[in-house]
file structure_36.txt (compact mmCIF, C-alpha atoms and all ligand atoms)
# COMPACT_ATOMS: atom_id res chain seq x y z
CA MET O 1 140.06 7.12 127.29
CA ALA O 2 142.07 8.30 124.29
CA SER O 3 139.52 6.70 121.97
CA VAL O 4 136.76 8.55 123.77
CA GLY O 5 138.85 11.70 123.45
CA SER O 6 139.05 11.19 119.71
CA ALA O 7 135.35 10.46 119.36
CA VAL O 8 134.01 13.25 121.56
CA GLY O 9 134.56 16.63 120.00
CA LEU O 10 133.04 19.19 117.71
CA GLY O 11 131.23 16.35 115.98
CA ASN O 12 129.00 15.97 119.01
CA ILE O 13 128.56 19.54 120.12
CA TRP O 14 128.76 21.49 116.87
CA ARG O 15 127.98 19.07 114.03
CA PHE O 16 125.31 16.89 115.62
CA PRO O 17 122.93 19.76 116.52
CA TYR O 18 123.29 21.45 113.16
CA GLU O 19 122.73 18.25 111.18
CA THR O 20 119.75 17.38 113.38
CA GLY O 21 118.36 20.87 112.88
CA GLN O 22 118.75 20.74 109.12
CA ASN O 23 117.32 17.25 108.80
CA GLY O 24 114.06 17.58 110.64
CA GLY O 25 114.84 16.81 114.29
CA ALA O 26 113.55 13.65 115.95
CA ALA O 27 113.20 11.56 112.79
CA PHE O 28 116.89 12.22 112.07
CA LEU O 29 117.79 11.37 115.67
CA ILE O 30 116.10 7.96 115.44
CA ILE O 31 117.91 7.06 112.24
CA TYR O 32 121.15 8.35 113.69
CA LEU O 33 120.75 6.12 116.76
CA LEU O 34 119.98 3.14 114.55
CA CYS O 35 123.09 3.87 112.48
CA VAL O 36 125.24 4.00 115.63
CA ILE O 37 123.90 0.67 116.88
CA VAL O 38 123.70 -1.26 113.63
CA MET O 39 126.73 0.14 111.77
CA GLY O 40 128.75 2.27 114.18
CA ILE O 41 129.49 -0.16 116.99
CA PRO O 42 130.35 -3.13 114.74
CA THR O 43 132.57 -0.94 112.53
CA LEU O 44 134.27 0.43 115.61
CA MET O 45 134.95 -3.15 116.73
CA ALA O 46 136.18 -4.00 113.24
CA GLU O 47 138.71 -1.14 113.31
CA MET O 48 139.84 -2.14 116.79
CA THR O 49 140.23 -5.75 115.65
CA ILE O 50 142.46 -4.75 112.75
CA GLY O 51 144.47 -2.32 114.85
CA ARG O 52 145.24 -4.70 117.65
CA LYS O 53 145.89 -7.60 115.32
CA THR O 54 148.46 -5.76 113.20
CA HIS O 55 149.87 -3.33 115.78
CA ALA O 56 150.37 -0.95 112.90
CA ASN O 57 149.14 2.45 111.72
CA SER O 58 146.16 2.29 109.42
CA ALA O 59 147.92 2.49 106.05
CA ARG O 60 150.37 -0.25 107.01
CA ALA O 61 147.73 -2.34 108.79
CA PHE O 62 145.94 -3.12 105.55
CA ARG O 63 149.16 -3.81 103.66
CA LYS O 64 150.23 -6.12 106.45
CA MET O 65 147.04 -8.12 106.20
CA THR O 66 146.62 -8.42 102.45
CA LYS O 67 148.28 -8.04 99.07
CA HIS O 68 144.95 -7.50 97.36
CA PRO O 69 145.23 -4.55 94.93
CA LEU O 70 142.15 -2.77 96.32
CA PHE O 71 142.03 -3.71 99.99
CA SER O 72 145.71 -3.13 100.66
CA LYS O 73 145.00 0.52 99.85
CA VAL O 74 141.97 1.16 102.07
CA GLY O 75 144.30 2.74 104.62
CA TYR O 76 145.31 5.47 102.17
CA LEU O 77 141.71 6.57 101.78
CA GLY O 78 141.61 6.99 105.55
CA VAL O 79 144.77 9.09 105.56
CA LEU O 80 143.29 11.39 102.92
CA SER O 81 140.01 11.64 104.87
CA CYS O 82 141.88 12.69 107.99
CA LEU O 83 143.76 15.40 106.14
CA LEU O 84 140.60 16.84 104.58
CA ILE O 85 138.67 16.66 107.86
CA MET O 86 141.38 18.67 109.60
CA GLY O 87 140.92 21.37 106.97
CA PHE O 88 137.49 22.38 108.28
CA TYR O 89 137.80 20.94 111.79
CA ALA O 90 140.68 23.28 112.60
CA VAL O 91 138.55 26.23 111.45
CA VAL O 92 135.70 25.37 113.81
CA ALA O 93 138.19 24.60 116.58
CA GLY O 94 139.54 28.11 115.99
CA TRP O 95 136.03 29.53 116.46
CA THR O 96 135.99 28.08 119.98
CA LEU O 97 139.10 30.15 120.80
CA GLU O 98 137.44 33.33 119.48
CA TYR O 99 134.42 32.59 121.66
CA MET O 100 136.66 32.07 124.69
CA TRP O 101 138.11 35.47 123.95
CA GLU O 102 134.72 37.06 123.37
CA SER O 103 133.37 35.73 126.63
CA VAL O 104 136.06 37.52 128.63
CA SER O 105 136.21 40.67 126.49
CA GLY O 106 132.50 41.28 126.96
CA VAL O 107 131.51 41.21 123.27
CA MET O 108 129.12 38.40 123.94
CA THR O 109 127.21 39.80 126.90
CA ASN O 110 123.54 40.53 126.39
CA LEU O 111 123.28 39.90 122.69
CA THR O 112 119.85 39.39 121.18
CA ALA O 113 119.38 36.49 118.80
CA GLU O 114 119.78 38.81 115.79
CA GLN O 115 122.86 40.47 117.21
CA SER O 116 124.41 37.11 118.03
CA GLU O 117 123.81 35.97 114.48
CA ALA O 118 125.25 39.16 113.01
CA ASN O 119 128.22 38.89 115.35
CA PHE O 120 128.99 35.38 114.14
CA ARG O 121 128.48 36.33 110.49
CA VAL O 122 130.86 39.26 110.72
CA PHE O 123 133.46 37.18 112.56
CA SER O 124 133.33 34.02 110.44
CA SER O 125 133.52 35.91 107.16
CA HIS O 126 136.30 38.21 108.37
CA PRO O 127 139.40 37.75 106.21
CA PHE O 128 141.81 37.71 109.13
CA MET O 129 140.50 36.86 112.60
CA PRO O 130 139.21 33.31 112.01
CA ILE O 131 142.45 32.50 110.22
CA PHE O 132 144.46 33.78 113.15
CA TRP O 133 142.64 31.43 115.55
CA THR O 134 142.76 28.50 113.15
CA VAL O 135 146.49 28.82 112.67
CA LEU O 136 146.93 29.14 116.44
CA MET O 137 144.92 25.94 116.91
CA SER O 138 147.01 24.11 114.30
CA ILE O 139 150.23 25.27 115.93
CA MET O 140 149.00 24.18 119.36
CA THR O 141 148.16 20.74 118.00
CA HIS O 142 151.57 20.60 116.35
CA LEU O 143 153.41 21.51 119.54
CA ILE O 144 151.47 18.97 121.55
CA ILE O 145 152.32 16.23 119.11
CA LEU O 146 155.99 17.17 119.02
CA GLY O 147 156.62 18.28 122.53
CA GLY O 148 155.73 15.01 124.13
CA VAL O 149 153.19 16.92 126.20
CA GLN O 150 150.70 14.43 124.96
CA LYS O 151 150.90 12.62 128.27
CA GLY O 152 149.99 15.94 129.82
CA ILE O 153 147.01 16.34 127.52
CA GLU O 154 145.90 12.83 128.32
CA ARG O 155 146.17 13.55 132.01
CA ALA O 156 144.33 16.84 131.56
CA SER O 157 141.53 15.21 129.57
CA LYS O 158 141.03 12.68 132.35
CA TRP O 159 139.51 15.40 134.50
CA MET O 160 138.52 17.96 131.89
CA MET O 161 136.34 15.59 129.87
CA PRO O 162 134.28 14.64 132.95
CA MET O 163 134.11 18.36 133.71
CA LEU O 164 132.75 19.03 130.23
CA PHE O 165 130.21 16.33 130.90
CA VAL O 166 129.07 17.88 134.20
CA LEU O 167 128.89 21.31 132.58
CA LEU O 168 126.78 19.91 129.74
CA ILE O 169 124.35 18.42 132.26
CA ALA O 170 124.10 21.76 134.09
CA LEU O 171 123.43 23.54 130.78
CA CYS O 172 120.80 20.91 129.94
CA ILE O 173 118.92 21.62 133.13
CA ASN O 174 119.17 25.32 132.43
CA SER O 175 117.82 24.87 128.88
CA ILE O 176 114.91 22.67 129.91
CA THR O 177 113.73 25.33 132.33
CA LEU O 178 113.66 28.09 129.69
CA SER O 179 110.23 29.34 128.70
CA GLY O 180 109.18 27.67 125.47
CA ALA O 181 111.60 24.78 126.00
CA SER O 182 108.95 22.17 125.24
CA GLU O 183 108.86 23.17 121.59
CA GLY O 184 112.57 22.42 121.30
CA LEU O 185 112.21 19.11 123.11
CA ASN O 186 109.36 18.15 120.79
CA PHE O 187 111.54 18.98 117.82
CA LEU O 188 114.29 16.72 119.15
CA PHE O 189 112.21 13.83 120.47
CA LYS O 190 108.83 13.76 118.69
CA PRO O 191 109.45 12.24 115.28
CA ASP O 192 107.67 13.31 112.14
CA PHE O 193 108.39 10.33 109.91
CA SER O 194 107.24 12.16 106.80
CA LYS O 195 110.50 14.13 107.03
CA ILE O 196 112.65 11.09 106.26
CA THR O 197 114.25 11.37 102.82
CA SER O 198 117.32 9.77 101.29
CA LYS O 199 119.25 12.91 102.22
CA VAL O 200 118.22 12.58 105.88
CA VAL O 201 119.32 8.94 105.98
CA LEU O 202 122.67 9.70 104.30
CA SER O 203 123.27 12.58 106.71
CA ALA O 204 122.46 10.42 109.74
CA MET O 205 124.84 7.70 108.58
CA GLY O 206 127.57 10.26 107.87
CA GLN O 207 127.10 11.84 111.29
CA ALA O 208 127.36 8.44 113.00
CA PHE O 209 130.66 7.65 111.26
CA PHE O 210 132.01 11.15 111.80
CA SER O 211 131.12 11.29 115.45
CA LEU O 212 132.67 7.91 116.21
CA SER O 213 135.85 8.80 114.24
CA LEU O 214 135.26 5.86 111.90
CA GLY O 215 136.27 4.99 108.37
CA ALA O 216 139.49 6.98 108.54
CA GLY O 217 141.84 4.68 110.38
CA VAL O 218 141.94 6.63 113.63
CA MET O 219 140.58 3.80 115.71
CA ILE O 220 142.89 1.32 113.93
CA THR O 221 145.86 3.44 114.93
CA TYR O 222 144.65 3.80 118.52
CA ALA O 223 143.83 0.12 118.88
CA SER O 224 147.32 -0.78 117.70
CA TYR O 225 148.37 0.25 121.22
CA PHE O 226 145.76 -1.92 122.96
CA ASP O 227 146.98 -4.68 125.27
CA LYS O 228 146.01 -8.22 124.48
CA ASP O 229 143.56 -8.30 127.36
CA VAL O 230 141.48 -5.28 126.28
CA ASN O 231 137.90 -6.38 125.80
CA ILE O 232 137.10 -5.05 122.30
CA PRO O 233 133.28 -5.40 122.31
CA HIS O 234 133.09 -3.77 125.70
CA THR O 235 135.47 -0.92 124.79
CA ALA O 236 133.71 -0.19 121.51
CA THR O 237 130.30 -0.11 123.17
CA THR O 238 131.53 2.20 125.92
CA VAL O 239 133.05 4.64 123.41
CA ALA O 240 129.83 4.66 121.37
CA LEU O 241 127.62 5.13 124.44
CA LEU O 242 129.60 8.05 125.84
CA ASP O 243 129.87 9.66 122.42
CA THR O 244 126.12 9.39 121.81
CA LEU O 245 125.33 10.66 125.27
CA VAL O 246 127.38 13.82 124.69
CA ALA O 247 125.61 14.42 121.37
CA LEU O 248 122.21 13.99 123.03
CA LEU O 249 123.13 16.39 125.81
CA ALA O 250 124.22 18.93 123.20
CA GLY O 251 120.84 18.53 121.49
CA ILE O 252 118.96 19.03 124.76
CA ILE O 253 120.95 22.20 125.37
CA ILE O 254 120.62 23.68 121.89
CA PHE O 255 117.07 23.03 120.70
CA PRO O 256 115.01 24.25 123.68
CA ALA O 257 117.22 27.35 123.76
CA ALA O 258 117.01 27.94 120.01
CA PHE O 259 113.21 27.78 120.07
CA SER O 260 113.03 29.87 123.19
CA PHE O 261 115.15 32.66 121.66
CA GLY O 262 113.46 32.50 118.26
CA ILE O 263 116.43 31.01 116.37
CA THR O 264 115.39 28.65 113.57
CA PRO O 265 117.12 25.29 114.01
CA ASP O 266 117.94 24.68 110.34
CA LYS O 267 120.63 27.35 110.21
CA GLY O 268 123.53 25.05 109.44
CA PRO O 269 127.08 25.24 110.79
CA ASN O 270 126.52 28.46 112.76
CA LEU O 271 123.62 27.08 114.88
CA VAL O 272 125.59 26.32 118.03
CA PHE O 273 127.68 29.47 117.83
CA VAL O 274 124.59 31.66 117.50
CA THR O 275 122.51 29.89 120.15
CA LEU O 276 125.06 29.44 122.94
CA PRO O 277 125.79 33.15 123.53
CA ASN O 278 122.07 33.68 124.14
CA ILE O 279 122.03 30.85 126.65
CA PHE O 280 124.95 32.29 128.56
CA ALA O 281 123.52 35.81 128.36
CA GLN O 282 120.49 34.87 130.46
CA MET O 283 122.48 32.91 133.07
CA PRO O 284 123.89 34.53 136.19
CA TRP O 285 127.70 34.68 135.81
CA GLY O 286 127.13 33.99 132.13
CA ALA O 287 130.57 35.16 131.02
CA VAL O 288 132.28 32.75 133.41
CA TRP O 289 130.13 29.83 132.26
CA ALA O 290 130.81 30.75 128.65
CA PHE O 291 134.55 30.91 129.16
CA ILE O 292 134.72 27.54 130.89
CA PHE O 293 132.45 25.96 128.30
CA PHE O 294 134.42 27.16 125.28
CA ALA O 295 137.71 26.26 126.96
CA LEU O 296 136.49 22.70 127.47
CA LEU O 297 135.17 22.57 123.92
CA ALA O 298 138.55 23.76 122.65
CA LEU O 299 140.20 20.96 124.62
CA ALA O 300 137.75 18.39 123.25
CA SER O 301 138.57 19.54 119.74
CA ILE O 302 142.31 19.35 120.40
CA THR O 303 142.04 15.71 121.50
CA SER O 304 140.18 15.00 118.23
CA LEU O 305 142.65 17.01 116.14
CA ILE O 306 145.55 15.09 117.67
CA SER O 307 143.97 11.81 116.59
CA LEU O 308 143.49 13.06 113.04
CA HIS O 309 146.97 14.58 112.87
CA GLN O 310 148.67 11.45 114.07
CA VAL O 311 147.19 9.24 111.40
CA VAL O 312 148.63 11.46 108.68
CA THR O 313 151.94 12.10 110.45
CA ALA O 314 152.58 8.39 111.07
CA TYR O 315 151.83 7.68 107.43
CA ILE O 316 154.08 10.41 106.02
CA ALA O 317 156.92 9.59 108.41
CA GLU O 318 156.84 6.00 107.31
CA GLU O 319 156.21 6.42 103.58
CA LEU O 320 158.64 9.26 102.97
CA LYS O 321 161.10 7.97 105.57
CA LEU O 322 161.02 11.28 107.40
CA SER O 323 161.56 11.85 111.10
CA ASN O 324 158.39 12.38 113.13
CA ARG O 325 159.29 16.06 113.54
CA LYS O 326 159.56 16.68 109.81
CA ALA O 327 156.48 14.63 109.02
CA ALA O 328 154.45 16.56 111.59
CA LEU O 329 155.68 19.82 110.08
CA VAL O 330 154.58 18.73 106.60
CA VAL O 331 151.15 17.79 107.94
CA THR O 332 150.68 20.97 109.95
CA SER O 333 151.64 23.08 106.93
CA MET O 334 149.10 21.28 104.77
CA VAL O 335 146.44 21.69 107.45
CA ILE O 336 147.14 25.40 107.70
CA VAL O 337 146.81 25.88 103.95
CA LEU O 338 143.61 23.82 103.80
CA SER O 339 142.04 25.55 106.76
CA ILE O 340 142.85 29.01 105.41
CA ILE O 341 141.07 28.06 102.19
CA CYS O 342 138.11 26.66 104.17
CA SER O 343 137.89 29.72 106.36
CA LEU O 344 138.06 32.17 103.44
CA SER O 345 135.39 30.17 101.65
CA LEU O 346 132.95 31.37 104.32
CA GLY O 347 133.86 34.99 103.61
CA VAL O 348 135.63 36.62 100.70
CA TRP O 349 135.65 33.44 98.59
CA ASN O 350 132.04 32.54 99.26
CA GLU O 351 131.04 33.12 95.65
CA PHE O 352 133.17 30.18 94.55
CA LYS O 353 130.95 27.11 94.73
CA ILE O 354 131.22 23.48 93.66
CA GLY O 355 127.93 21.59 93.44
CA GLY O 356 126.24 24.52 95.19
CA MET O 357 128.60 24.30 98.18
CA CYS O 358 131.46 26.50 99.29
CA VAL O 359 134.78 24.72 99.98
CA PHE O 360 134.07 24.45 103.73
CA ASP O 361 130.70 22.75 103.19
CA LEU O 362 132.11 20.62 100.40
CA MET O 363 134.93 19.21 102.56
CA ASP O 364 132.47 18.48 105.35
CA TYR O 365 130.10 16.79 102.89
CA VAL O 366 132.68 14.76 100.99
CA THR O 367 134.44 13.42 104.07
CA ALA O 368 131.48 12.63 106.34
CA LYS O 369 128.95 11.56 103.73
CA ILE O 370 131.15 9.86 101.12
CA MET O 371 134.68 9.04 102.21
CA MET O 372 134.02 7.77 105.72
CA PRO O 373 131.08 5.51 104.83
CA LEU O 374 133.11 4.29 101.84
CA GLY O 375 136.14 3.59 104.04
CA SER O 376 133.90 1.70 106.47
CA LEU O 377 132.25 -0.22 103.65
CA LEU O 378 135.59 -1.42 102.31
CA LEU O 379 136.81 -2.20 105.81
CA CYS O 380 133.79 -4.38 106.60
CA ILE O 381 133.95 -6.19 103.27
CA PHE O 382 137.64 -6.78 103.77
CA LEU O 383 137.31 -8.15 107.27
CA GLY O 384 134.15 -10.10 106.51
CA TRP O 385 135.24 -11.69 103.24
CA LYS O 386 139.01 -11.63 103.00
CA VAL O 387 140.00 -12.49 106.55
CA LYS O 388 139.42 -15.92 108.04
CA LYS O 389 136.52 -16.06 110.42
CA GLU O 390 138.65 -17.81 113.05
CA THR O 391 141.14 -14.96 112.95
CA ILE O 392 138.39 -12.43 113.70
CA LEU O 393 136.84 -14.59 116.39
CA LYS O 394 140.21 -15.10 118.05
CA GLU O 395 140.94 -11.39 118.12
CA ILE O 396 137.49 -10.37 119.32
CA THR O 397 137.43 -12.99 122.12
CA ASN O 398 141.08 -12.48 123.13
CA TYR O 399 142.00 -15.98 121.99
CA GLY O 400 138.97 -17.52 123.60
CA THR O 401 139.65 -16.10 127.04
CA ARG O 402 136.66 -13.77 126.78
CA PRO O 403 133.98 -15.68 124.93
CA TRP O 404 131.36 -13.41 123.43
CA ARG O 405 127.83 -14.57 122.67
CA LEU O 406 127.42 -12.24 119.72
CA ALA O 407 130.73 -13.04 118.00
CA ASN O 408 129.10 -14.94 115.15
CA ALA O 409 126.44 -12.30 114.69
CA PHE O 410 129.24 -9.73 114.50
CA VAL O 411 130.79 -11.54 111.54
CA VAL O 412 127.39 -11.66 109.81
CA MET O 413 127.05 -7.89 110.33
CA LEU O 414 130.45 -7.31 108.73
CA LYS O 415 129.85 -9.66 105.86
CA TYR O 416 126.31 -8.77 104.86
CA VAL O 417 124.32 -6.28 106.91
CA ILE O 418 126.66 -3.28 106.97
CA PRO O 419 127.88 -3.49 103.35
CA ILE O 420 124.31 -3.88 102.09
CA LEU O 421 123.00 -1.00 104.19
CA ILE O 422 125.77 1.40 103.16
CA THR O 423 125.33 0.44 99.50
CA ILE O 424 121.56 0.98 99.66
CA ILE O 425 121.97 4.37 101.32
CA PHE O 426 124.52 5.47 98.71
CA ALA O 427 122.43 4.16 95.81
CA ASN O 428 119.32 5.80 97.20
CA GLU O 429 121.01 9.18 97.46
CA LEU O 430 122.32 8.87 93.90
CA GLN O 431 118.77 7.97 92.90
CA LEU O 432 119.82 4.73 91.31
CA PHE O 433 116.45 3.34 92.24
N1 LIG N 1 134.86 12.21 116.04
C1 LIG N 1 135.40 13.52 116.24
C2 LIG N 1 134.28 14.43 116.67
O1 LIG N 1 133.19 14.01 116.85
C3 LIG N 1 136.09 14.03 115.03
C4 LIG N 1 137.14 13.11 114.55
C5 LIG N 1 138.29 12.80 115.16
C6 LIG N 1 137.09 12.33 113.40
N2 LIG N 1 138.96 11.87 114.42
C7 LIG N 1 138.24 11.58 113.36
C8 LIG N 1 136.16 12.23 112.43
C9 LIG N 1 138.47 10.68 112.32
C10 LIG N 1 136.39 11.36 111.42
C11 LIG N 1 137.53 10.58 111.36
O2 LIG N 1 134.49 15.59 116.86
call {"tool": "encode", "arguments": {"input": "structure_36.txt", "output": "structure tokens", "more": "lines below"}}
Ligand code: TRP
result
Amino acid sequence: MASVGSAVGLGNIWRFPYETGQNGGAAFLIIYLLCVIVMGIPTLMAEMTIGRKTHANSARAFRKMTKHPLFSKVGYLGVLSCLLIMGFYAVVAGWTLEYMWESVSGVMTNLTAEQSEANFRVFSSHPFMPIFWTVLMSIMTHLIILGGVQKGIERASKWMMPMLFVLLIALCINSITLSGASEGLNFLFKPDFSKITSKVVLSAMGQAFFSLSLGAGVMITYASYFDKDVNIPHTATTVALLDTLVALLAGIIIFPAAFSFGITPDKGPNLVFVTLPNIFAQMPWGAVWAFIFFALLALASITSLISLHQVVTAYIAEELKLSNRKAALVVTSMVIVLSIICSLSLGVWNEFKIGGMCVFDLMDYVTAKIMMPLGSLLLCIFLGWKVKKETILKEITNYGTRPWRLANAFVVMLKYVIPILITIIFANELQLF
């Protein structure tokens, strides 16, 4: 459940629709699904294998398994990824709090598409408000990690995540019945293969890794707590299925509504935040629906933030020999600084661009499209080539007590298929051929 909590978050409900919208709809979706099946699930199993085998956090897990100068350091890349991801993730998580507030204060009622867009633009580029919410979100995450209320959060997610799920299904039904919904559904499900470019493929791969929390050591850390009788292939597949289902539901909510309200789907990171208020505006009791929805989304982002935070905290506590409290404080301070920079980069610092991207977009791009696939690439090569096949097979079959038909195929995926695919996608984007 905790792994699902890490995987399901803003990646599914905020990032998936905007990436799909920017990358041509259905064609992107098909490649995304292929990436989840061919690369995502095996990599998820690979992380779980390493985590349960070493019972260590991700940085130590690699050092425990090898002395190799490169592979012993793969864990550090993951720690850095987690830190950078939190920088923009906490900003978007903060937006969900603002929208909770707006739904009760009445700002959001009866906005037209243009007004909703203007509302978001004014808010997200404001020099103070988004920072206020972001810092609040970071402090909440900090307190949860310190206060031992994590058990409470876990208990709460056990019923709030299913509730989010039910609410998403209700919103889906609502969206499908909007006038003009079919155009949105066509966009999401009717592929136009001429839209596939190297950028689309890279984005789909990045989204798959991001959404499944891969390539950053999160799943290694979580699996280090797995019992020896946890069925890894089964667990990994369940996490991937639920995660993908939530993303699909988000797509079915957003695209019919966007087309119906005349919002173009290639808007980028603001898509969901501009579209949703319009959906709630035309529903009876819209403000109540909106409040519940954004509260659940805030919770889903907290469970993801906790997973990111813990990877970095565990690493700093161990490396710098600090107590957990002090390490968490160091991490939270860094996250606050990073997220303030990210948030301001959407407003007053928007002129400052690197490679045509503001800092917010750059952090999103670099982590999801470079660091996480790279982390996964190294992880698969390491497990496939540097670890004995018997060791992997033992771990994946629970020492032979749960034989798995595909175990050999899994090793072939790690050794050849995934590394080759990731390399081709990278090389293609860099136009090396
Ligand atoms: N997967 C989460 C989401 O979809 C985000 C997330 C949590 C994550 N932990 C991660 C992304 C580690 C990359 C790496 O919202």
call {"tool": "closest_residue", "arguments": {"input": "structure_36.txt", "among": "O:Leu338, O:Ile420, O:Ala56, O:Leu77", "to": "ligand LIG 1 (chain N)", "atoms": "all atoms listed in the file"}}
result
O:Leu77
call {"tool": "atom_distance", "arguments": {"input": "structure_36.txt", "atom1": "CA of Phe426 in chain O", "atom2": "CA of Ala27 in chain O"}}
result
19.1 Å
call {"tool": "residues_around", "arguments": {"input": "structure_36.txt", "residues": "Val92 in chain O", "least_positions_apart": "4", "cutoff": "12 Å", "atoms": "only C-alpha atoms", "output": "JSON, numbers by chain"}}
result
{"O": [9, 10, 11, 13, 14, 15, 85, 86, 87, 88, 96, 97, 98, 99, 124, 130, 131, 133, 134, 135, 137, 138, 269, 270, 272, 273, 294, 297, 298, 300, 301, 302, 305, 339, 340, 342, 343, 346, 360, 364]}
call {"tool": "residues_around", "arguments": {"input": "structure_36.txt", "residues": "range 194-204 of chain O", "least_positions_apart": "5", "cutoff": "7 Å", "atoms": "only C-alpha atoms", "output": "count of residues only"}}
result
10
call {"tool": "residues_around", "arguments": {"input": "structure_36.txt", "residues": "range 65-69 of chain O", "least_positions_apart": "4", "cutoff": "9 Å", "atoms": "only C-alpha atoms", "output": "VMD selection string"}}
result
chain O and resid 50 54 60 to 61 73 386 to 387
call {"tool": "residues_around", "arguments": {"input": "structure_36.txt", "residues": "Pro256 in chain O", "least_positions_apart": "4", "cutoff": "9 Å", "atoms": "all atoms listed in the file", "output": "compact mmCIF listing (two decimals) with C-alpha atoms, keeping the file's coordinate frame"}}
result
# COMPACT_ATOMS: atom_id res chain seq x y z
CA SER O 175 117.82 24.87 128.88
CA ILE O 176 114.91 22.67 129.91
CA THR O 177 113.73 25.33 132.33
CA LEU O 178 113.66 28.09 129.69
CA SER O 179 110.23 29.34 128.70
CA GLY O 180 109.18 27.67 125.47
CA ALA O 181 111.60 24.78 126.00
CA SER O 182 108.95 22.17 125.24
CA GLU O 183 108.86 23.17 121.59
CA GLY O 184 112.57 22.42 121.30
CA LEU O 185 112.21 19.11 123.11
CA ASN O 186 109.36 18.15 120.79
CA PHE O 187 111.54 18.98 117.82
CA LEU O 188 114.29 16.72 119.15
CA GLY O 251 120.84 18.53 121.49
CA ILE O 252 118.96 19.03 124.76
CA SER O 260 113.03 29.87 123.19
CA PHE O 261 115.15 32.66 121.66
call {"tool": "closest_residue", "arguments": {"input": "structure_36.txt", "among": "O:Met363, O:Leu344, O:Ala7, O:Ile292", "to": "ligand LIG 1 (chain N)", "atoms": "all atoms listed in the file"}}
result
O:Ala7
call {"tool": "closest_residue", "arguments": {"input": "structure_36.txt", "among": "O:Gly5, O:Gly94, O:Gly286, O:Pro42", "to": "Gly384 in chain O", "atoms": "only C-alpha atoms"}}
result
O:Pro42
call {"tool": "atom_distance", "arguments": {"input": "structure_36.txt", "atom1": "CA of Ala290 in chain O", "atom2": "CA of Thr275 in chain O"}}
result
11.9 Å
